[in-house]
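Enquirer: Pasting in a structure now, in structure tokens, and then I'll have a few things to ask.
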Amino acid sequence: MKWLEHQRVRYTLSHHPIPHEAWEGLMHEADIFRGLSAVERAHLRELATLFLHRKDLSGVQGLAVSIEMAAAVAAQACLPILKLGLGYYDGWVEVVIYPGAFRVDRDRTDATGLVSHEEHALSGESWLKGPVILSWDDIAADLAASHPGHNVVVHEFAHKLDMLNGSANGMPPLHADMVRQQWTAAFSNAFDHLQQQLAHHHRPGINSYGATAPAEFFAVASEYFFTDPQTLHHQSSAVYDQLVLFYRQDPANRRSASASSIGFDQI
């Protein structure tokens, strides 16, 4: 069976690769991929190609999803699992893409039992065992210009990783060489610090949305990890170090090495 799956993978990669032009444009234009080596970009292309053949990407409200759009979603979705493997996204198949922010209506029950109806405009949402829902306007904005600490695709797919334990609680399944107590201490301290900053009306070091729940803090921290790693490291080196262990990547070091290489080439 492993041999058959290996053959299927080889066939997909050789017969249905993401077009070279679309891929190279994405790699050179989107800041989130800065610093990736040629080998890492090649591996990311393979993961993104397989992702597009295992997941159903569908546009709604008249949105037609082009190969360039699909490649952009797949590449950003696969960046967090570059060193983990596509198996981390097993158990669900659908990515739904809206033209822009989409509205959701929900009933909320507070601690006293009072039920209220709320409407929200969202740029993304992840469902346990269900689809990832995204806004193309927000994806395009992230690709067009650098927005440090913000990437809707990374945010929602971080939730998918978090949910692998059965619920979104800010703790994805840790690797065998990681220490649960160290993860808990790092994230709890940083989460509490962010909440204290907001409670005292101080300007938060990272997006205040991370203070709403541990699951959101993990997703926001993941956004910073891949788009603005220096800021995350400055705000909480302990959280950054835990994410290095979990994602098995070091974006801050990767970007620093890339910047040094560019500077040397220009001498």
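In the structure tokens, chains take letters A, B, ... by order of appearance, with residues numbered from 1 within each chain and ligands from 1 in the order shown.
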Looking only at the backbone, which of the residues in segment 54-263 of chain A does DSSP tag as alpha helix (DSSP H), as a VMD selection string?
Expert: chain A and resid 54 67 to 78 136 to 144 152 to 162 180 to 199 214 to 227 229 to 235 237 to 247 251 to 263
Enquirer: Identify, with DSSP run on backbone atoms, the residues in segment 5-218 of chain A assigned to strand (DSSP E or B), and express the list as a PDB file with C-alpha atoms, in the first residue's frame.
Expert:
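See out.pdb below for the written result:
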```
ATOM      1  CA  ASP A  56     -11.402  20.838  -2.799  1.00  0.00           C
ATOM      2  CA  LEU A  57     -10.988  24.600  -3.247  1.00  0.00           C
ATOM      3  CA  SER A  58     -14.249  26.241  -4.218  1.00  0.00           C
ATOM      4  CA  GLY A  59     -15.259  29.849  -4.736  1.00  0.00           C
ATOM      5  CA  GLU A  94     -12.773  21.548   1.721  1.00  0.00           C
ATOM      6  CA  VAL A  95     -11.491  25.115   1.464  1.00  0.00           C
ATOM      7  CA  VAL A  96     -14.235  27.659   0.761  1.00  0.00           C
ATOM      8  CA  ILE A  97     -13.205  31.057  -0.576  1.00  0.00           C
ATOM      9  CA  TYR A  98     -15.479  34.105  -0.458  1.00  0.00           C
ATOM     10  CA  PHE A 102     -18.366  37.038   5.000  1.00  0.00           C
ATOM     11  CA  ARG A 103     -21.085  37.423   7.613  1.00  0.00           C
ATOM     12  CA  VAL A 104     -22.003  34.815  10.191  1.00  0.00           C
ATOM     13  CA  ASP A 105     -25.043  34.877  12.473  1.00  0.00           C
ATOM     14  CA  ARG A 106     -24.863  33.079  15.802  1.00  0.00           C
ATOM     15  CA  ASP A 107     -26.729  32.900  19.078  1.00  0.00           C
ATOM     16  CA  ARG A 108     -24.618  33.384  22.208  1.00  0.00           C
ATOM     17  CA  THR A 109     -25.570  32.403  25.748  1.00  0.00           C
ATOM     18  CA  VAL A 115     -29.326  34.315  24.783  1.00  0.00           C
ATOM     19  CA  SER A 116     -28.340  37.056  22.339  1.00  0.00           C
ATOM     20  CA  HIS A 117     -28.071  37.052  18.558  1.00  0.00           C
ATOM     21  CA  GLU A 118     -24.799  38.312  17.098  1.00  0.00           C
ATOM     22  CA  GLU A 119     -23.617  39.072  13.585  1.00  0.00           C
ATOM     23  CA  HIS A 120     -19.949  39.169  12.644  1.00  0.00           C
ATOM     24  CA  ALA A 121     -17.998  39.918   9.477  1.00  0.00           C
ATOM     25  CA  LEU A 122     -15.096  37.478   9.246  1.00  0.00           C
ATOM     26  CA  GLY A 124     -11.574  33.480   7.916  1.00  0.00           C
ATOM     27  CA  GLU A 125     -12.936  30.577   9.929  1.00  0.00           C
ATOM     28  CA  SER A 126     -11.947  26.972  10.625  1.00  0.00           C
ATOM     29  CA  VAL A 132     -11.514  26.235   6.178  1.00  0.00           C
ATOM     30  CA  ILE A 133     -13.329  29.377   5.031  1.00  0.00           C
ATOM     31  CA  LEU A 134     -11.352  32.350   3.725  1.00  0.00           C
ATOM     32  CA  SER A 135     -11.838  35.822   2.262  1.00  0.00           C
TER      33      SER A 135
END
```
Enquirer: Excluding Asp192 of chain A and any residue of its chain fewer than 6 positions from it, enumerate the residues within 12 Å of it, using only C-alpha atoms, and give them as a compact mmCIF listing (two decimals) with C-alpha atoms, in the first residue's frame.
Expert:
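Result saved to selection-v3.txt:
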```
# COMPACT_ATOMS: atom_id res chain seq x y z
CA THR A 184 2.12 25.65 28.87
CA ALA A 185 4.31 28.03 30.86
CA ALA A 186 5.50 29.95 27.80
CA LEU A 198 -4.85 45.61 27.42
CA ALA A 199 -6.33 45.83 30.92
CA PRO A 204 -0.03 45.65 23.08
CA SER A 208 -4.81 42.29 20.70
CA GLY A 210 -4.70 37.09 20.61
CA ALA A 211 -5.99 38.00 24.07
CA THR A 212 -9.52 36.72 23.37
CA ALA A 213 -8.72 33.03 23.97
CA PRO A 214 -5.72 30.67 24.15
CA PHE A 217 -3.29 33.48 20.92
CA SER A 236 8.18 36.44 24.08
```
Enquirer: Counting only C-alpha atoms, which residue out of A:Pro80, A:Pro173, A:Gly91, A:Gly85 sits closest to Ala158 of chain A?
Expert: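 Checking each of A:Pro80, A:Pro173, A:Gly91, A:Gly85 against Ala158 of chain A, counting only C-alpha atoms, the winner is A:Pro80.
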Enquirer: Counting only C-alpha atoms, which residue out of A:Leu79, A:Ala176, A:Leu194, A:Leu52 sits closest to Leu36 of chain A?
Expert: A:Leu79
Enquirer: Do you know which residues are at most 9 Å from segment 237-241 of chain A counting only C-alpha atoms, after dropping those on the same chain fewer than 4 positions away, and could you put them as a ChimeraX atom specification?
Expert: /A:182-183,185-187,190,221,225,229,232-233,245-246,250
Enquirer: Would you save the residues from that selection as a compact mmCIF listing (two decimals), in the first residue's frame, using N, CA and C atoms?
Expert:
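Result file is again-v6.txt:
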```
# COMPACT_ATOMS: atom_id res chain seq x y z
N GLN A 182 6.72 23.13 29.55
CA GLN A 182 7.40 24.29 28.99
C GLN A 182 6.51 25.04 28.02
N TRP A 183 5.78 24.30 27.21
CA TRP A 183 4.82 24.93 26.29
C TRP A 183 3.76 25.70 27.08
N ALA A 185 3.79 26.86 30.15
CA ALA A 185 4.31 28.03 30.86
C ALA A 185 4.58 29.18 29.91
N ALA A 186 5.18 28.89 28.76
CA ALA A 186 5.50 29.95 27.80
C ALA A 186 4.24 30.63 27.29
N PHE A 187 3.26 29.85 26.88
CA PHE A 187 2.05 30.43 26.29
C PHE A 187 1.15 31.06 27.35
N ALA A 190 2.73 34.48 28.32
CA ALA A 190 2.60 35.47 27.26
C ALA A 190 1.14 35.90 27.08
N ALA A 221 0.06 34.12 17.36
CA ALA A 221 1.50 33.90 17.52
C ALA A 221 2.07 33.23 16.28
N PHE A 225 4.98 34.45 13.86
CA PHE A 225 6.11 33.54 13.67
C PHE A 225 6.54 33.50 12.21
N PRO A 229 8.76 37.38 12.60
CA PRO A 229 9.33 36.58 13.69
C PRO A 229 10.13 37.38 14.70
N LEU A 232 7.78 38.74 17.41
CA LEU A 232 7.35 37.69 18.33
C LEU A 232 8.48 37.31 19.27
N HIS A 233 9.68 37.19 18.75
CA HIS A 233 10.82 36.83 19.59
C HIS A 233 11.08 37.90 20.63
N LEU A 245 10.31 24.69 17.95
CA LEU A 245 10.29 23.26 18.20
C LEU A 245 9.08 22.60 17.54
N PHE A 246 7.93 23.27 17.59
CA PHE A 246 6.72 22.66 17.02
C PHE A 246 6.74 22.64 15.50
N ASP A 250 12.80 28.00 11.79
CA ASP A 250 13.30 29.17 12.52
C ASP A 250 13.28 30.37 11.58
```
Enquirer: Quick one: residues within 10 Å of Ala140 of chain A, only C-alpha atoms counted, chain neighbours fewer than 2 positions away excluded, as number ranges by chain?
Expert: A: 30, 69, 72-73, 100, 135-138, 142-145
Enquirer: Pick out the closest residue to Tyr224 of chain A from this set: A:Leu164, A:Ala75, A:Val179, A:Ile32. Count only C-alpha atoms.
Expert: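 Smallest distance to Tyr224 of chain A is found for A:Ile32.
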Enquirer: Could you work out how far atom CA of Glu68 of chain A lies from atom CA of Arg34 of chain A, giving the answer in Å with one decimal?
Expert: 18.6 Å
Enquirer: Rounded to one decimal, what separation in Å do you get between atom CA of Ala141 of chain A and atom CA of Ala70 of chain A?
Expert: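 Atom-to-atom, atom CA of Ala141 of chain A to atom CA of Ala70 of chain A, that is 15.2 Å.
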Enquirer: Pick from A:His202, A:His28, A:Arg41, A:Lys129: nearest to Leu161 of chain A, with only C-alpha atoms counted?
Expert: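 For Leu161 of chain A, the nearest of the given residues is A:Lys129.
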Enquirer: Choose the residue, out of A:Pro99, A:Gly149, A:Gln195, A:Leu26, that has the smallest atom-to-atom separation from Val65 of chain A; count only C-alpha atoms.
Expert: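 Closest candidate: A:Pro99.
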